[in-house]
>>> print(open('my_file30.txt').read())   # compact mmCIF, C-alpha atoms
# COMPACT_ATOMS: atom_id res chain seq x y z
CA MET A 19 -57.66 -22.88 -31.72
CA PHE A 20 -55.04 -23.61 -34.33
CA TYR A 21 -52.41 -21.06 -35.29
CA ILE A 22 -50.44 -21.08 -38.47
CA MET A 23 -47.07 -19.40 -37.90
CA SER A 24 -47.25 -17.62 -41.20
CA ASP A 25 -46.22 -14.22 -39.84
CA ILE A 26 -42.58 -15.16 -39.30
CA ASN A 27 -40.36 -12.62 -41.01
CA ILE A 28 -37.44 -13.77 -43.07
CA VAL A 29 -34.76 -11.27 -43.89
CA ASP A 30 -34.79 -9.90 -47.41
CA ALA A 31 -32.08 -10.91 -49.83
CA PRO A 32 -29.49 -8.23 -50.53
CA PRO A 33 -29.68 -6.38 -53.85
CA GLY A 34 -28.31 -8.46 -56.69
CA ILE A 35 -29.03 -10.01 -60.03
CA GLU A 36 -31.48 -12.83 -60.03
CA GLY A 37 -32.32 -15.22 -62.78
CA SER A 38 -33.48 -18.74 -63.34
CA GLY A 39 -31.38 -20.92 -61.04
CA PHE A 40 -28.91 -18.29 -59.94
CA PHE A 41 -28.55 -15.21 -57.76
CA ALA A 42 -25.50 -12.98 -57.95
CA THR A 43 -24.46 -10.33 -55.47
CA SER A 44 -21.26 -9.15 -53.82
CA LEU A 45 -19.52 -11.18 -51.14
CA ASP A 46 -19.52 -8.23 -48.73
CA LYS A 47 -23.30 -8.08 -48.80
CA VAL A 48 -23.74 -11.80 -48.17
CA ILE A 49 -21.25 -11.81 -45.33
CA GLY A 50 -22.76 -8.66 -43.85
CA LEU A 51 -26.20 -10.20 -44.01
CA ALA A 52 -25.06 -13.37 -42.29
CA ARG A 53 -22.98 -11.64 -39.63
CA SER A 54 -25.59 -9.08 -38.74
CA HIS A 55 -28.10 -11.80 -37.90
CA SER A 56 -25.79 -13.98 -35.89
CA LEU A 57 -23.97 -11.55 -33.59
CA TRP A 58 -22.71 -13.17 -30.42
CA PRO A 59 -22.66 -10.53 -27.71
CA LEU A 60 -20.37 -10.56 -24.72
CA PRO A 61 -22.21 -8.82 -21.86
CA PHE A 62 -19.79 -6.85 -19.70
CA ALA A 63 -22.33 -5.83 -17.08
CA THR A 64 -21.29 -4.04 -13.93
CA SER A 65 -24.41 -2.31 -12.63
CA CYS A 66 -28.03 -1.30 -13.25
CA CYS A 67 -27.66 -1.24 -17.05
CA GLY A 68 -26.79 -4.91 -16.70
CA ILE A 69 -30.18 -5.48 -15.03
CA GLU A 70 -31.87 -3.83 -18.01
CA PHE A 71 -29.86 -6.11 -20.27
CA MET A 72 -31.16 -9.14 -18.37
CA ALA A 73 -34.67 -7.93 -19.16
CA THR A 74 -33.57 -7.42 -22.78
CA MET A 75 -32.40 -11.03 -22.97
CA GLY A 76 -35.56 -12.27 -21.23
CA SER A 77 -38.61 -13.66 -23.04
CA HIS A 78 -40.54 -10.38 -23.09
CA TYR A 79 -38.04 -8.30 -25.08
CA ASP A 80 -36.03 -11.29 -26.34
CA LEU A 81 -32.82 -10.19 -28.00
CA GLY A 82 -32.77 -13.72 -29.46
CA ARG A 83 -35.24 -12.52 -32.11
CA PHE A 84 -32.38 -10.67 -33.76
CA GLY A 85 -30.02 -13.60 -33.96
CA SER A 86 -28.29 -13.10 -30.64
CA GLU A 87 -29.77 -15.95 -28.68
CA ARG A 88 -26.30 -17.18 -27.87
CA LEU A 89 -24.38 -14.96 -25.48
CA SER A 90 -20.68 -15.56 -25.49
CA PHE A 91 -19.13 -15.41 -22.08
CA SER A 92 -15.74 -15.98 -23.63
CA PRO A 93 -14.33 -13.00 -25.55
CA ARG A 94 -12.69 -15.43 -28.00
CA GLN A 95 -15.99 -16.29 -29.66
CA ALA A 96 -17.72 -12.94 -29.20
CA ASP A 97 -18.48 -10.46 -31.99
CA LEU A 98 -20.01 -7.64 -29.96
CA LEU A 99 -18.78 -6.30 -26.64
CA MET A 100 -21.67 -4.75 -24.73
CA VAL A 101 -20.36 -2.62 -21.88
CA MET A 102 -23.16 -1.91 -19.45
CA GLY A 103 -22.42 0.02 -16.30
CA THR A 104 -19.88 2.14 -14.50
CA ILE A 105 -16.28 1.26 -15.28
CA ALA A 106 -13.94 2.22 -12.44
CA LYS A 107 -10.43 3.18 -13.48
CA LYS A 108 -9.16 0.17 -11.59
CA MET A 109 -11.23 -2.03 -13.89
CA SER A 110 -10.18 -0.38 -17.16
CA PRO A 111 -7.20 -2.71 -17.79
CA VAL A 112 -9.59 -5.66 -17.38
CA LEU A 113 -12.04 -4.22 -19.92
CA LYS A 114 -9.21 -3.51 -22.34
CA GLN A 115 -7.91 -7.06 -21.92
CA VAL A 116 -11.35 -8.44 -22.75
CA TYR A 117 -11.45 -6.28 -25.88
CA LEU A 118 -7.96 -7.41 -26.92
CA GLN A 119 -8.98 -11.05 -26.55
CA MET A 120 -11.83 -10.65 -29.04
CA ALA A 121 -11.12 -11.63 -32.62
CA GLU A 122 -11.70 -9.27 -35.54
CA PRO A 123 -14.19 -8.27 -36.71
CA ARG A 124 -15.42 -6.95 -33.38
CA TRP A 125 -17.89 -4.26 -32.40
CA VAL A 126 -18.41 -2.37 -29.17
CA MET A 127 -21.61 -0.91 -27.74
CA ALA A 128 -21.54 1.45 -24.76
CA VAL A 129 -24.85 1.03 -22.97
CA GLY A 130 -25.98 3.76 -20.59
CA ALA A 131 -24.62 7.07 -19.38
CA CYS A 132 -21.76 5.64 -17.30
CA ALA A 133 -20.21 3.55 -20.06
CA SER A 134 -20.71 6.42 -22.53
CA SER A 135 -19.45 9.36 -20.49
CA GLY A 136 -18.99 8.45 -16.83
CA GLY A 137 -22.58 9.47 -16.12
CA ILE A 138 -23.18 10.95 -12.69
CA PHE A 139 -19.80 9.67 -11.52
CA ASP A 140 -17.64 12.67 -12.38
CA THR A 141 -14.94 11.63 -9.96
CA TYR A 142 -11.30 10.65 -9.73
CA SER A 143 -11.94 6.91 -9.52
CA VAL A 144 -14.28 6.41 -12.50
CA LEU A 145 -13.46 6.19 -16.19
CA GLN A 146 -15.17 9.06 -18.04
CA GLY A 147 -16.54 6.87 -20.81
CA ILE A 148 -15.06 3.64 -22.12
CA ASP A 149 -14.00 5.40 -25.32
CA GLU A 150 -10.97 6.59 -23.33
CA ILE A 151 -9.56 3.06 -23.60
CA ILE A 152 -11.33 1.20 -26.43
CA PRO A 153 -13.10 2.31 -29.65
CA VAL A 154 -16.90 2.38 -29.45
CA ASP A 155 -19.31 1.85 -32.36
CA VAL A 156 -22.68 2.67 -30.81
CA TYR A 157 -23.65 4.63 -27.70
CA VAL A 158 -27.01 3.98 -26.03
CA PRO A 159 -28.15 6.89 -23.86
CA GLY A 160 -30.18 6.45 -20.69
CA CYS A 161 -29.67 5.95 -16.99
CA PRO A 162 -30.35 3.11 -17.34
CA PRO A 163 -31.72 2.78 -20.89
CA ARG A 164 -34.93 0.81 -21.29
CA PRO A 165 -34.69 -2.55 -23.08
CA GLU A 166 -36.24 -0.90 -26.18
CA ALA A 167 -33.29 1.51 -26.26
CA ILE A 168 -30.81 -1.35 -25.97
CA LEU A 169 -32.62 -3.14 -28.82
CA ASP A 170 -32.48 0.05 -30.88
CA GLY A 171 -28.74 0.32 -30.24
CA PHE A 172 -28.40 -3.32 -31.22
CA GLY A 173 -30.21 -2.54 -34.45
CA LYS A 174 -27.70 0.22 -35.14
CA ILE A 175 -24.88 -2.27 -34.61
CA GLN A 176 -26.58 -4.67 -37.04
CA GLU A 177 -26.79 -1.87 -39.59
CA LEU A 178 -23.05 -1.21 -39.23
CA VAL A 179 -22.27 -4.91 -39.53
CA ARG A 180 -24.49 -5.33 -42.59
CA ASN A 181 -22.88 -2.44 -44.47
CA GLU A 182 -19.28 -2.93 -43.47
CA SER A 183 -16.83 -3.36 -46.30
CA GLY A 184 -14.85 -6.56 -46.18
CA ARG A 185 -11.63 -4.60 -46.32
CA ARG A 186 -12.44 -2.00 -43.67
CA ARG A 187 -10.39 -3.71 -40.95
CA ASP A 188 -7.34 -3.75 -43.22
CA SER A 189 -7.53 -0.03 -43.98
CA ASP A 190 -4.91 2.42 -42.81
CA GLN A 191 -7.62 4.54 -41.23
CA TYR A 192 -8.75 1.63 -39.03
CA LYS A 193 -5.20 0.74 -38.07
CA GLU A 194 -4.49 4.36 -37.16
CA MET A 195 -7.60 4.43 -35.01
CA LEU A 196 -6.48 1.29 -33.15
CA ALA A 197 -2.97 2.68 -32.79
CA SER A 198 -4.40 5.84 -31.20
CA TYR A 199 -5.76 3.54 -28.46
CA GLY A 200 -2.39 1.81 -28.15
CA ILE A 201 -3.80 -1.37 -29.74
CA LEU A 202 -1.76 -2.97 -32.51
CA MET B 12 -18.95 -0.99 34.83
CA ALA B 13 -21.97 -2.85 33.56
CA GLU B 14 -23.54 0.29 32.08
CA ALA B 15 -20.52 2.42 31.30
CA ASN B 16 -21.01 6.14 31.16
CA ASN B 17 -18.81 8.73 29.52
CA HIS B 18 -17.94 10.44 32.79
CA ASP B 19 -16.51 7.28 34.37
CA LEU B 20 -14.61 6.50 31.18
CA ILE B 21 -12.91 9.86 30.99
CA GLN B 22 -11.97 9.62 34.69
CA LEU B 23 -10.42 6.22 34.01
CA LEU B 24 -8.44 7.55 31.04
CA SER B 25 -7.32 10.77 32.74
CA ALA B 26 -6.02 8.79 35.70
CA ARG B 27 -3.90 6.71 33.32
CA PHE B 28 -2.86 9.23 30.63
CA GLY B 29 -3.22 12.58 32.39
CA ASP B 30 -2.87 15.61 30.11
CA LYS B 31 -2.51 13.48 26.99
CA ILE B 32 -6.31 13.41 26.89
CA ILE B 33 -7.40 16.76 25.50
CA ASN B 34 -10.46 18.50 24.12
CA VAL B 35 -13.04 16.12 25.57
CA GLN B 36 -16.48 16.54 24.00
CA GLU B 37 -19.75 14.63 23.87
CA PRO B 38 -21.52 15.49 20.60
CA TYR B 39 -24.85 13.59 20.51
CA GLY B 40 -23.65 11.66 23.55
CA LEU B 41 -20.65 10.13 21.78
CA LEU B 42 -17.54 10.54 23.89
CA THR B 43 -14.89 12.21 21.71
CA PHE B 44 -11.39 13.30 22.64
CA GLU B 45 -7.99 13.99 21.15
CA THR B 46 -4.67 12.50 22.05
CA THR B 47 -1.14 12.45 20.65
CA LYS B 48 0.53 9.92 18.42
CA ASP B 49 3.16 8.90 20.97
CA VAL B 50 0.51 7.41 23.27
CA ILE B 51 -2.20 6.42 20.79
CA ILE B 52 -1.29 2.73 20.67
CA ASP B 53 -0.90 2.52 24.45
CA LEU B 54 -4.25 4.22 24.79
CA LEU B 55 -5.98 1.89 22.33
CA LYS B 56 -4.38 -1.09 24.04
CA PHE B 57 -5.59 0.17 27.40
CA LEU B 58 -9.12 0.73 26.11
CA LYS B 59 -9.17 -2.73 24.58
CA GLU B 60 -7.64 -4.71 27.42
CA ASP B 61 -8.72 -2.85 30.55
CA ALA B 62 -11.34 -4.96 32.32
CA THR B 63 -13.68 -2.06 33.01
CA ALA B 64 -13.41 -0.24 29.66
CA ASN B 65 -13.43 -3.39 27.53
CA PHE B 66 -13.58 -1.82 24.03
CA ASN B 67 -13.26 -5.11 22.21
CA PHE B 68 -14.39 -3.95 18.76
CA LEU B 69 -12.64 -1.59 16.36
CA THR B 70 -15.46 -0.06 14.32
CA ASP B 71 -13.41 2.08 11.97
CA ILE B 72 -10.21 3.94 11.30
CA THR B 73 -10.39 6.91 8.98
CA ALA B 74 -8.99 10.42 8.61
CA VAL B 75 -10.10 14.00 8.01
CA HIS B 76 -8.09 16.66 6.20
CA TYR B 77 -8.17 20.23 7.57
CA PRO B 78 -5.92 22.23 5.20
CA GLU B 79 -6.19 25.38 7.34
CA LYS B 80 -4.79 23.75 10.49
CA LYS B 81 -1.13 23.33 11.37
CA HIS B 82 -1.48 19.63 12.12
CA GLY B 83 -3.93 19.17 9.32
CA ILE B 84 -4.69 15.46 9.28
CA ALA B 85 -6.87 13.96 11.98
CA VAL B 86 -6.70 10.18 12.21
CA VAL B 87 -9.96 9.03 13.77
CA TYR B 88 -10.51 5.76 15.65
CA HIS B 89 -14.00 4.53 16.47
CA LEU B 90 -14.18 1.90 19.21
CA HIS B 91 -17.18 -0.03 20.49
CA SER B 92 -17.52 -1.90 23.75
CA MET B 93 -20.05 -4.59 23.02
CA VAL B 94 -20.06 -5.57 26.68
CA ASN B 95 -20.68 -2.10 28.08
CA LYS B 96 -22.83 -0.88 25.16
CA VAL B 97 -20.79 2.26 24.70
CA ARG B 98 -18.80 3.80 21.89
CA VAL B 99 -15.87 6.19 21.85
CA ARG B 100 -14.14 8.31 19.21
CA VAL B 101 -10.42 9.07 19.47
CA LYS B 102 -8.71 11.65 17.24
CA VAL B 103 -5.00 12.18 16.66
CA PHE B 104 -3.89 15.29 14.76
CA ILE B 105 -0.69 14.79 12.78
CA ASP B 106 1.47 16.93 10.50
CA GLU B 107 0.23 16.68 6.92
CA HIS B 108 3.79 16.95 5.58
CA HIS B 109 4.92 13.95 7.66
CA PRO B 110 1.75 11.95 8.16
CA ASN B 111 3.20 9.10 10.20
CA ILE B 112 1.45 7.23 13.00
CA PRO B 113 2.03 3.80 14.54
CA THR B 114 -0.11 0.93 13.29
CA ALA B 115 -2.95 -0.62 15.27
CA THR B 116 -2.70 -3.96 13.44
CA ASN B 117 -1.01 -5.52 16.48
CA LEU B 118 -4.19 -4.90 18.48
CA TRP B 119 -6.90 -5.67 15.91
CA ASN B 120 -6.40 -7.55 12.64
CA ALA B 121 -9.35 -5.54 11.32
CA ALA B 122 -7.09 -2.49 11.38
CA ASN B 123 -5.15 -3.89 8.41
CA TRP B 124 -7.60 -2.96 5.66
CA MET B 125 -8.83 0.17 7.47
CA GLU B 126 -5.30 1.51 7.58
CA ARG B 127 -4.73 0.59 3.94
CA GLU B 128 -7.86 2.54 3.04
CA THR B 129 -6.75 5.54 5.09
CA TYR B 130 -3.34 5.37 3.43
CA ASP B 131 -4.94 5.10 -0.01
CA LEU B 132 -7.25 8.08 0.41
CA PHE B 133 -5.27 10.36 2.76
CA GLY B 134 -1.65 9.22 2.49
CA VAL B 135 -1.33 8.48 6.20
CA LYS B 136 1.65 6.17 6.71
CA PHE B 137 1.00 3.61 9.43
CA GLU B 138 4.41 2.61 10.72
CA GLY B 139 4.76 -1.12 11.29
CA HIS B 140 1.84 -2.04 9.03
CA PRO B 141 2.63 -5.44 7.44
CA ASP B 142 1.42 -4.54 3.92
CA LEU B 143 0.71 -0.85 3.41
CA ARG B 144 -0.53 -0.75 -0.21
CA ARG B 145 -3.44 1.00 -1.90
CA ILE B 146 -6.63 -0.97 -1.43
CA LEU B 147 -9.37 0.81 -3.42
CA ASN B 148 -7.78 2.99 -6.07
CA MET B 149 -5.66 1.91 -8.98
CA ASP B 150 -1.95 1.73 -8.21
CA GLU B 151 -1.05 4.34 -10.85
CA LEU B 152 -3.31 7.04 -9.39
CA GLY B 153 -0.34 8.92 -7.97
CA VAL B 154 -2.30 11.06 -5.49
CA HIS B 155 -4.22 10.53 -2.28
CA PRO B 156 -7.55 11.81 -3.56
CA MET B 157 -9.30 12.79 -0.32
CA LEU B 158 -6.64 15.39 0.46
CA LYS B 159 -8.27 18.69 -0.39
CA GLN B 160 -5.54 19.98 -2.71
CA TYR B 161 -6.69 17.44 -5.31
CA PRO B 162 -9.86 18.03 -7.34
CA LEU B 163 -12.64 15.55 -6.82
CA GLU B 164 -13.68 15.59 -10.48
CA ASP B 165 -11.92 13.82 -13.29
CA PRO B 166 -10.11 16.27 -15.62
CA ASN B 167 -11.03 14.19 -18.71
CA ARG B 168 -14.74 14.93 -18.38
CA VAL B 169 -15.91 16.81 -21.48
CA ASP B 170 -19.70 16.78 -21.54
CA LYS B 171 -20.09 19.10 -18.53
CA LYS B 172 -18.05 21.97 -19.95
CA ASP B 173 -19.79 25.35 -19.69
CA GLU B 174 -19.66 25.99 -23.44
CA TYR B 175 -22.14 23.19 -24.07
CA PHE B 176 -24.66 24.94 -21.85
CA GLY B 177 -24.20 28.51 -23.15
CA ARG B 178 -22.36 29.64 -20.02
>>> encode(input="my_file30.txt", output="structure tokens")
Amino acid sequence: MFYIMSDINIVDAPPGIEGSGFFATSLDKVIGLARSHSLWPLPFATSCCGIEFMATMGSHYDLGRFGSERLSFSPRQADLLMVMGTIAKKMSPVLKQVYLQMAEPRWVMAVGACASSGGIFDTYSVLQGIDEIIPVDVYVPGCPPRPEAILDGFGKIQELVRNESGRRRDSDQYKEMLASYGIL
Amino acid sequence: MAEANNHDLIQLLSARFGDKIINVQEPYGLLTFETTKDVIIDLLKFLKEDATANFNFLTDITAVHYPEKKHGIAVVYHLHSMVNKVRVRVKVFIDEHHPNIPTATNLWNAANWMERETYDLFGVKFEGHPDLRRILNMDELGVHPMLKQYPLEDPNRVDKKDEYFGR
């Protein structure tokens, strides 16, 4: 049997003006397109959501299909911080340090009930959602979420990345938001 | 005492410590008694080093808070004699406003972390401990969370408020 791999999808070009020998569009759209399909995630996995993420990275669900084959275990090269699992208050300075080490532009995804809200751990020792210490772009519900849910959340991140204005990170609104977290 | 029994043990202890051994009980066969903090280390040392008792293993040190009692903090020692196949539980009730008790680190090195944990969660100060710092909770916590005057839940929790459930 011989297969022709003709069903490979290639991402559509952004809206623009096309003519013989040229294609014009805005820089934001091109950069958004490129970034959204080459996000390097940093997995910050502390518990069962991390196990689901391992399945998500595995060959069956394969996050690599969306341009994230390469996980970055250094925050310096990472674009997307994926926080998966319960964050104890004792660990919150570590998580914040990891976030601070990431270069702009950076996105954060809170995977699962614990990272989003503290989950079942409504107790003195557990952070009640990572948004108490760092800004979060996308929340994925579930305890733990299935790999499909993580992929869906990843798609939401891609959508944000694709449509982000090139000047968003310089805006006063963004700086105020960071300042409210004590990040300068 | 190849097969130690609780009766022989309590006789041995009463002969040595007299009326410092109080409220002897045997719930589910586990010998349990109270003593006072002035003899606790002598008593642990005796239980560890006496040839017949031979409690060579410190299983755990923890505490219990009884807010309604006058001496409201019970420090609990669990010992295990691996030779005699017997366990014992020793309780010392101390004043919750001055929760001081001598350290057992000179007898068992294992007591080091157990006492740090008991300090962290109950605020019991083990006098003579080489390094009495918090071990589990973050340093800035400010309270000893297993004391019952402190709420177990985190005050920052928002998604369990009654208004979200029509209550």
>>> residues_around(input="my_file30.txt", residues="Leu99 in chain A", least_positions_apart="6", cutoff="6 Å", atoms="only C-alpha atoms", output="VMD selection string")
chain A and resid 59 to 60 126
>>> closest_residue(input="my_file30.txt", among="A:Ile28, A:Ala96, A:Ala167, A:Met109", to="chain B", atoms="only C-alpha atoms")
A:Met109
>>> interface_residues(input="my_file30.txt", of="chain A", to="chain B", cutoff="8 Å", atoms="only C-alpha atoms", output="ChimeraX atom specification")
/A:107-108,135-136,140-144,146
>>> closest_residue(input="my_file30.txt", among="A:Gly82, A:Pro153, A:Pro163, A:Pro123", to="Ile49 in chain A", atoms="all atoms listed in the file")
A:Pro123
>>> atom_distance(input="my_file30.txt", atom1="CA of Gly184 in chain A", atom2="CA of Ser134 in chain A")
27.6 Å
>>> atom_distance(input="my_file30.txt", atom1="CA of Ile84 in chain B", atom2="CA of Pro110 in chain B")
7.4 Å
>>> axis_aligned_box(input="my_file30.txt", around="range 147-150 of chain B", padding_each_side="6 Å", output="AutoDock Vina command-line options")
--center_x -5.7 --center_y 1.9 --center_z -6.2 --size_x 19.4 --size_y 14.2 --size_z 17.6
>>> residues_around(input="my_file30.txt", residues="Ile52 in chain B", least_positions_apart="5", cutoff="10 Å", atoms="all atoms listed in the file", output="CSV table (one decimal) with C-alpha atoms, in the coordinates of the input")
chain,number,residue,atom,x,y,z
B,47,THR,CA,-1.1,12.4,20.6
B,57,PHE,CA,-5.6,0.2,27.4
B,58,LEU,CA,-9.1,0.7,26.1
B,112,ILE,CA,1.4,7.2,13.0
B,113,PRO,CA,2.0,3.8,14.5
B,114,THR,CA,-0.1,0.9,13.3
B,115,ALA,CA,-3.0,-0.6,15.3
B,116,THR,CA,-2.7,-4.0,13.4
B,117,ASN,CA,-1.0,-5.5,16.5
B,118,LEU,CA,-4.2,-4.9,18.5
>>> residues_near_point(input="my_file30.txt", point="(-7.1, 2.9, 2.3)", cutoff="9 Å", atoms="all atoms listed in the file", output="NGL selection string")
:B and (73 or 124-135 or 143-148)
>>> write_last_selection(input="my_file30.txt", atoms="C-alpha atoms", output="JSON list (two decimals), in the frame of the given file")
[["chain", "number", "residue", "atom", "x", "y", "z"],
["B", 73, "THR", "CA", -10.39, 6.91, 8.98],
["B", 124, "TRP", "CA", -7.60, -2.96, 5.66],
["B", 125, "MET", "CA", -8.83, 0.17, 7.47],
["B", 126, "GLU", "CA", -5.30, 1.51, 7.58],
["B", 127, "ARG", "CA", -4.73, 0.59, 3.94],
["B", 128, "GLU", "CA", -7.86, 2.54, 3.04],
["B", 129, "THR", "CA", -6.75, 5.54, 5.09],
["B", 130, "TYR", "CA", -3.34, 5.37, 3.43],
["B", 131, "ASP", "CA", -4.94, 5.10, -0.01],
["B", 132, "LEU", "CA", -7.25, 8.08, 0.41],
["B", 133, "PHE", "CA", -5.27, 10.36, 2.76],
["B", 134, "GLY", "CA", -1.65, 9.22, 2.49],
["B", 135, "VAL", "CA", -1.33, 8.48, 6.20],
["B", 143, "LEU", "CA", 0.71, -0.85, 3.41],
["B", 144, "ARG", "CA", -0.53, -0.75, -0.21],
["B", 145, "ARG", "CA", -3.44, 1.00, -1.90],
["B", 146, "ILE", "CA", -6.63, -0.97, -1.43],
["B", 147, "LEU", "CA", -9.37, 0.81, -3.42],
["B", 148, "ASN", "CA", -7.78, 2.99, -6.07]]
>>> atom_distance(input="my_file30.txt", atom1="CA of Met102 in chain A", atom2="CA of Gly68 in chain A")
5.5 Å
